[in-house]
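K.L.:
Got a structure for you, questions after.
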Amino acid sequence: MSTTPDTPAPGPPPGPIDPLENAARLEELHRIWGNEPGFAGQLKAVNHSTIALRFIITGFAFLLVGGVLGMFIRLQLAWFDVEVLDPARFNQFVTMHGTTMMFLFAVPILEGFAMYLLPKMLGSRDLPFPRLSAFGYWCYLFGGLFLYSSFLFDAAPDGGWFMYVPLSDSTYSPGLDADFWLIGVTFAEIAAVLAAIELIVAILITRAPGMDLRRMPLFAWAMLVTAFMIAFGFPPLILASILLEIQRAFDFAFFEVARGGDPLLWQHLFWLFGHPEVYIIFLPAAGMVSMVISTFARRPIVGYTWIVLAFVSVGFLSFGLWVHHMYTVGIPLLALAFFSAASMAVAIPMGIQVFAWIATLWSGKPWLRIPMLYLFGFFFIFIPGGLTGVMLAMVPLDWQVHDTHFVVAHLHYVLIGGMMFPLFAALYYWLPLATGRMPSESLSRTAFWMVFLGFNLTFLPMHLTGLLGMPRRVYTYPEELKVQWLNLFSTAAGFVLAVGMVAIAIDVFISLRAGRKAARNPWKAGTLEWAVPFPVPQFNFASVPRVDSRYPLWDKPETDEATDRADGLLGKPGDGRRELLGTGILSAAPEQVIRVSTSTWLPILSALVLSALLACFIAKWYLGAALMVLPLLALFGIWAWTTGHRQAPLRHEAEPGLVLPTQYACRNAPGWWALVISLLIDGTLFASLVFAYFYLWLGTEAWPPAGIGIGGLGMPLLALALLAGCVGAGQWAWRSLGAGRDGSPREDGGGASGARSTLAWLVSAVLGIAFIAAHWLALTGPVGAPQVHAYASVVWTLAGFHLVHVAVAVLVAVFVAARIRCGYVNAARPLEARVAAALWRYTVAQGLVAWAVIHLFPRMI
């Protein structure tokens, strides 16, 4: 619904601005974008720099906590007959150590770096959904605190960070330990998924003019691929966690063999997430390596296109490797051969990246500063870790060393070598950008050597102890293995590693408080994030820069000076609102002005209410959990209602001679792309549930089993007709709104066309409610209670999953009808109606698949 050409021509170069006018504009930008003062202002902040730094600091805090747990584990294993931890506590510490590092440290901290850096790298002032970022942070923080609160109730999880069933079901874990893990981890994962949506939309449509896809920084490419991997990789684990919690809470039978379930279903769903997770962690680190190496080699990266293709290839291949972790569960050898080949094939794009980095250093003039030390450490550690991964891809060897300390050593060489060393390189590289101060060269080098030597001396011996037969996740070992001296050596070296980590934290703290002030762009880098002034303002750029190369600061050194002046794109503040520039997905030509929200209580209040709901659920107070849904819906309703306002202009002068539509009237609005990405995530969740249905079918003799009927087709066909009516009414509503389009806002909701559209949305809501009732009746009789058999469990879950979507679509339809009546949505501002119509189409398409699986498939077999 764009009201301007797709690629509007840029205006004439702006003339020189009066210094007093420039100062007044800068002061106004600081006022608009600044956080409110005091502690309350910090709680309400939504600016990307503030939220990102919170992610980073919280992630490092969880790293230290997880490291303390790891040191207790090493103390327990230092000798064969010690008991620093009893078996139960050892299992808890092993579980929480792995869970912390994988869910509370690795992914959140990388997303925190991306949230901080990407707007600056892309030439944007902020992320497109600031409140979403803030809500994601609070979900992450409360999820981590929720998980660790289990120690206060003596109910810490002890089933391993993978929480395999049946050990984690209510039969073998009757307490609250597994519930804390399932709910806490799922709560924290909300943050990762929300950040993925935020980052994808930001990278696609908020790049600086001229920064087409061929000029994007490699870190942006890495995060784009990673965010899509999160979108497709996290839903299977979220579904698995939901299914297991439903089984524990309501006695469903997804994983119970006696009632038709299968515990291997959990492993498939978990590792559909778990192996891509390794590359979700590695790819952002690889993007960081590419950025740092180019700067310190003093030349553009070699093989830019090849590295991008390698990122994309790793993203695709990583989803074909999940059985790599299940070689010993009895899968047919032909299938194992396929997954073994895929596991080895992923080494090809990984190798392409390594050779490109080496070629960049070889052809450049490397400058050996502390970030480069960590990158050399990365090369030394990650390459052997990758080679042991290729070894484990071979089925016979994997059978021999499965669940031994050889796998522990490989895992840490890949994750610490492939993620933490690049992360520390990035920390020191971008520390002057965030703090305006330089780290201590002597202390930072000392910390590096302690971490590097401590790591290798800790985990290198584990390859040998694993080959000698020492099992992982076991609190002691027999003297006959003759590995106690190797374990004692690993434990001692582990303390060196721990002291090195603490030294890094001290170094960062000292540099923050008393470090030498950094010059602007102290590393002489070429990418756009170093064009911001020091100290970095909350709005990053006074004027949105234009770029025409991959390294604008090398090709046009005056770029940093131009971004200080408020005389270019969006240099003139617009009526007190925070504004971003939206550009084309491929061309990065200016397309729209995006207005984003300011500080608000909504994110933290929503996260608190959601925390209370989950706390009620884990305490088995299901009525209280149901009651908490009401304030949560109210907060989300306020959130949605305050997204736009009737007084927002449809067009805005971005700079003299360039008038652009605001996002309310632009086809490529952030809200539209957020919906598209959200539906991809939701579709993956739904596909995982359908996969679970057919996987359980393959393991049973009769589907449905004896005693459970299919029922007639009369009521299901009625439900299907009602569902089809929903999408028909939605399309009628959308077309009715468009019928009154005349290019100007309608304060009365669009007159007759607005009234017809309102009526049509209400009709779609009524039909949706009728569908819910009809489909419920169609299943109640023949299927019976979901506790009887896995068939009934998965059918009711599949139907319930879709019914929830219909209920959401009903609420959205009523919401849009109200927005039309109040003048927020009309022919000139059609975004929300367009989103609602697309949501109905998706919901009906999902319903057709669910209907066919539930009502047709059992009749065909």
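Just remember, in the structure tokens the first chain shown is A, the second B, etc., residues are 1-based per chain, and ligands are 1-based in the order shown.
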As a PyMOL selection string, list the residues of stretch 415-610 of chain A assigned to strand (DSSP E or B) by DSSP on the backbone atoms of this structure.

P.N.:
chain A and resi 437+471+517+544+569+574+577-583+590-596

K.L.:
Restrict the selected residues to C-alpha atoms and save them as a PDB file, in the first residue's frame.

P.N.:
```pdb
ATOM      1  CA  ARG A 437      38.048   3.718  27.137  1.00  0.00           C
ATOM      2  CA  PRO A 471      32.124 -42.001  31.286  1.00  0.00           C
ATOM      3  CA  LYS A 517      40.310   7.385  27.068  1.00  0.00           C
ATOM      4  CA  VAL A 544      21.474   8.615   8.789  1.00  0.00           C
ATOM      5  CA  LEU A 569      18.519  12.112   6.525  1.00  0.00           C
ATOM      6  CA  GLY A 574       9.858  15.123  13.858  1.00  0.00           C
ATOM      7  CA  ARG A 577       8.889  11.011  18.075  1.00  0.00           C
ATOM      8  CA  ARG A 578      11.742   8.550  17.684  1.00  0.00           C
ATOM      9  CA  GLU A 579      12.257   7.880  13.975  1.00  0.00           C
ATOM     10  CA  LEU A 580      14.234   5.355  11.927  1.00  0.00           C
ATOM     11  CA  LEU A 581      14.805   5.218   8.203  1.00  0.00           C
ATOM     12  CA  GLY A 582      13.370   2.172   6.439  1.00  0.00           C
ATOM     13  CA  THR A 583      15.039   1.040   3.223  1.00  0.00           C
ATOM     14  CA  PRO A 590      14.943   4.908   1.232  1.00  0.00           C
ATOM     15  CA  GLU A 591      11.320   3.695   1.443  1.00  0.00           C
ATOM     16  CA  GLN A 592       9.717   4.774   4.700  1.00  0.00           C
ATOM     17  CA  VAL A 593      10.088   6.574   8.008  1.00  0.00           C
ATOM     18  CA  ILE A 594       9.590   4.176  10.934  1.00  0.00           C
ATOM     19  CA  ARG A 595       8.297   5.614  14.193  1.00  0.00           C
ATOM     20  CA  VAL A 596       9.267   3.575  17.258  1.00  0.00           C
TER      21      VAL A 596
END
```

K.L.:
Which of stretch 304-534 of chain A end up as alpha helix (DSSP H) when DSSP is run on this backbone - answer as a ChimeraX atom specification?

P.N.:
/A:304-317,333-345,347-363,370-392,395-401,405-415,421-435,441-467,484-514

K.L.:
Filtering to C-alpha atoms, could you give me those residues as a short mmCIF file (atom, residue, chain, number, x, y, z; two decimals), in the first residue's frame?

P.N.:
```
data_model
loop_
_atom_site.label_atom_id
_atom_site.label_comp_id
_atom_site.auth_asym_id
_atom_site.auth_seq_id
_atom_site.Cartn_x
_atom_site.Cartn_y
_atom_site.Cartn_z
CA TYR A 304 33.55 -12.01 1.02
CA THR A 305 31.06 -13.80 -1.24
CA TRP A 306 32.46 -17.21 -0.37
CA ILE A 307 32.14 -16.50 3.35
CA VAL A 308 28.51 -15.44 2.88
CA LEU A 309 27.81 -18.64 0.95
CA ALA A 310 29.56 -20.60 3.69
CA PHE A 311 27.30 -19.00 6.33
CA VAL A 312 24.20 -19.94 4.35
CA SER A 313 25.49 -23.47 3.66
CA VAL A 314 26.20 -24.09 7.34
CA GLY A 315 22.70 -22.85 8.14
CA PHE A 316 21.13 -25.38 5.76
CA LEU A 317 23.40 -28.33 6.56
CA LEU A 333 22.48 -48.25 9.45
CA LEU A 334 21.36 -46.77 6.12
CA ALA A 335 19.99 -43.72 7.92
CA LEU A 336 23.17 -43.49 10.01
CA ALA A 337 25.24 -43.42 6.81
CA PHE A 338 23.26 -40.41 5.56
CA PHE A 339 23.68 -38.45 8.79
CA SER A 340 27.34 -39.42 9.00
CA ALA A 341 27.93 -38.03 5.50
CA ALA A 342 26.04 -34.84 6.35
CA SER A 343 28.07 -34.44 9.54
CA MET A 344 31.29 -34.61 7.55
CA ALA A 345 29.98 -32.39 4.73
CA ALA A 347 33.25 -29.27 7.46
CA ILE A 348 33.50 -27.93 3.89
CA PRO A 349 31.87 -24.51 4.43
CA MET A 350 33.60 -24.29 7.81
CA GLY A 351 36.93 -24.82 6.07
CA ILE A 352 36.13 -22.16 3.48
CA GLN A 353 35.82 -19.58 6.24
CA VAL A 354 39.08 -20.61 7.89
CA PHE A 355 41.00 -20.40 4.60
CA ALA A 356 39.49 -16.98 3.84
CA TRP A 357 40.61 -15.68 7.24
CA ILE A 358 44.11 -17.06 6.81
CA ALA A 359 44.32 -15.56 3.32
CA THR A 360 43.27 -12.17 4.70
CA LEU A 361 46.02 -12.25 7.31
CA TRP A 362 48.57 -13.57 4.79
CA SER A 363 47.90 -10.79 2.28
CA ILE A 370 44.82 -8.18 22.26
CA PRO A 371 41.82 -8.96 19.98
CA MET A 372 44.19 -10.69 17.55
CA LEU A 373 45.70 -12.76 20.36
CA TYR A 374 42.28 -14.20 21.07
CA LEU A 375 41.78 -14.91 17.37
CA PHE A 376 45.06 -16.81 17.19
CA GLY A 377 43.87 -18.75 20.22
CA PHE A 378 40.63 -19.40 18.37
CA PHE A 379 42.49 -20.87 15.38
CA PHE A 380 44.62 -23.06 17.62
CA ILE A 381 41.64 -24.47 19.53
CA PHE A 382 38.74 -24.55 17.09
CA ILE A 383 40.49 -26.39 14.26
CA PRO A 384 41.37 -29.44 16.45
CA GLY A 385 37.84 -29.29 17.86
CA GLY A 386 36.41 -29.41 14.35
CA LEU A 387 38.65 -32.35 13.44
CA THR A 388 37.45 -34.36 16.44
CA GLY A 389 33.92 -33.52 15.28
CA VAL A 390 34.68 -35.16 11.93
CA MET A 391 35.99 -38.17 13.86
CA LEU A 392 32.76 -38.39 15.85
CA VAL A 395 29.65 -44.19 13.31
CA PRO A 396 32.11 -46.89 14.52
CA LEU A 397 34.24 -44.39 16.45
CA ASP A 398 31.17 -42.67 17.87
CA TRP A 399 29.92 -46.03 19.17
CA GLN A 400 33.20 -46.46 21.03
CA VAL A 401 33.47 -43.03 22.63
CA HIS A 405 34.91 -37.64 28.29
CA PHE A 406 36.19 -37.65 24.71
CA VAL A 407 32.85 -36.09 23.76
CA VAL A 408 33.15 -33.62 26.67
CA ALA A 409 36.57 -32.54 25.36
CA HIS A 410 35.30 -32.21 21.79
CA LEU A 411 32.26 -30.20 22.92
CA HIS A 412 34.35 -27.72 24.88
CA TYR A 413 36.97 -27.37 22.15
CA VAL A 414 34.24 -26.49 19.68
CA LEU A 415 32.13 -24.28 21.92
CA PHE A 421 37.63 -16.92 22.14
CA PRO A 422 36.04 -14.94 19.28
CA LEU A 423 33.65 -13.47 21.86
CA PHE A 424 36.55 -12.21 23.98
CA ALA A 425 38.23 -10.87 20.84
CA ALA A 426 35.01 -9.01 20.05
CA LEU A 427 34.72 -7.80 23.65
CA TYR A 428 38.14 -6.15 23.53
CA TYR A 429 37.64 -4.94 19.97
CA TRP A 430 34.35 -3.13 20.60
CA LEU A 431 34.98 -2.23 24.26
CA PRO A 432 36.20 1.30 23.33
CA LEU A 433 32.98 1.80 21.34
CA ALA A 434 30.78 0.99 24.33
CA THR A 435 32.86 2.60 27.09
CA GLU A 441 47.27 -4.05 27.58
CA SER A 442 49.34 -5.81 30.27
CA LEU A 443 46.43 -7.18 32.30
CA SER A 444 44.52 -8.22 29.19
CA ARG A 445 47.51 -10.16 27.82
CA THR A 446 48.03 -11.86 31.18
CA ALA A 447 44.37 -12.85 31.27
CA PHE A 448 44.61 -14.21 27.72
CA TRP A 449 47.52 -16.51 28.48
CA MET A 450 45.84 -17.79 31.63
CA VAL A 451 42.66 -18.56 29.71
CA PHE A 452 44.47 -20.07 26.73
CA LEU A 453 46.83 -22.29 28.71
CA GLY A 454 44.25 -23.12 31.37
CA PHE A 455 41.71 -24.21 28.76
CA ASN A 456 44.05 -26.47 26.81
CA LEU A 457 45.53 -28.06 29.92
CA THR A 458 42.02 -28.66 31.26
CA PHE A 459 40.36 -30.25 28.24
CA LEU A 460 43.19 -31.76 26.20
CA PRO A 461 43.71 -34.61 28.73
CA MET A 462 40.00 -35.42 28.56
CA HIS A 463 40.46 -36.82 25.07
CA LEU A 464 42.71 -39.46 26.59
CA THR A 465 40.54 -40.15 29.65
CA GLY A 466 37.60 -40.61 27.30
CA LEU A 467 39.49 -43.05 25.10
CA GLN A 484 43.13 -40.08 38.40
CA TRP A 485 46.37 -38.23 37.65
CA LEU A 486 45.02 -36.93 34.37
CA ASN A 487 41.86 -35.78 36.16
CA LEU A 488 43.84 -34.10 38.91
CA PHE A 489 45.87 -32.29 36.27
CA SER A 490 42.67 -31.17 34.47
CA THR A 491 41.21 -29.91 37.73
CA ALA A 492 44.30 -27.88 38.60
CA ALA A 493 44.38 -26.38 35.10
CA GLY A 494 40.68 -25.61 35.40
CA PHE A 495 41.44 -23.24 38.26
CA VAL A 496 43.97 -21.45 36.06
CA LEU A 497 41.22 -21.05 33.46
CA ALA A 498 38.82 -19.77 36.12
CA VAL A 499 41.32 -17.20 37.37
CA GLY A 500 41.84 -16.05 33.78
CA MET A 501 38.09 -15.52 33.37
CA VAL A 502 37.99 -13.46 36.55
CA ALA A 503 40.99 -11.46 35.30
CA ILE A 504 39.06 -10.57 32.13
CA ALA A 505 36.14 -9.36 34.24
CA ILE A 506 38.49 -7.27 36.40
CA ASP A 507 40.22 -5.86 33.32
CA VAL A 508 36.90 -4.77 31.81
CA PHE A 509 35.78 -3.22 35.10
CA ILE A 510 39.06 -1.31 35.54
CA SER A 511 39.02 -0.06 31.95
CA LEU A 512 35.43 1.09 32.44
CA ARG A 513 36.28 3.02 35.58
CA ALA A 514 39.83 4.22 34.99
#
```

K.L.:
How far is it from atom CA of A:Ile230 to atom CA of A:Ser611, in Å with one decimal?

P.N.:
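Straight-line distance from atom CA of A:Ile230 to atom CA of A:Ser611 works out to 22.8 Å.
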
K.L.:
Could you tell me which of A:Gly303, A:Gly800, A:Pro716, A:Gly683 comes closest to A:Gly781 if we count only C-alpha atoms?

P.N.:
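Closest to A:Gly781, using only C-alpha atoms: A:Pro716.
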
K.L.:
Within 7 Å of A:Leu218, counting only C-alpha atoms, which residues qualify if same-chain residues fewer than 2 places away don't, as a PyMOL selection string?

P.N.:
chain A and resi 216+220-222+287+290-291

K.L.:
Using only C-alpha atoms, which of the listed residues (A:Ile293, A:Val806, A:Met470, A:Val201) sits closest to A:Ala669?

P.N.:
A:Val201

K.L.:
Choose the residue, out of A:Ile205, A:Ala719, A:Leu26, A:Ile772, that has the smallest atom-to-atom separation from A:Val804; count only C-alpha atoms.

P.N.:
A:Ile772

K.L.:
Rounded to one decimal place, report the atom CA of A:Leu605-atom CA of A:Leu635 distance in Å.

P.N.:
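Between atom CA of A:Leu605 and atom CA of A:Leu635 the gap works out to 7.8 Å.
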
K.L.:
Calculate how many Å separate atom CA of A:Leu623 from atom CA of A:Ala792, rounding to one decimal.

P.N.:
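Atom-to-atom, atom CA of A:Leu623 to atom CA of A:Ala792, that is 24.1 Å.
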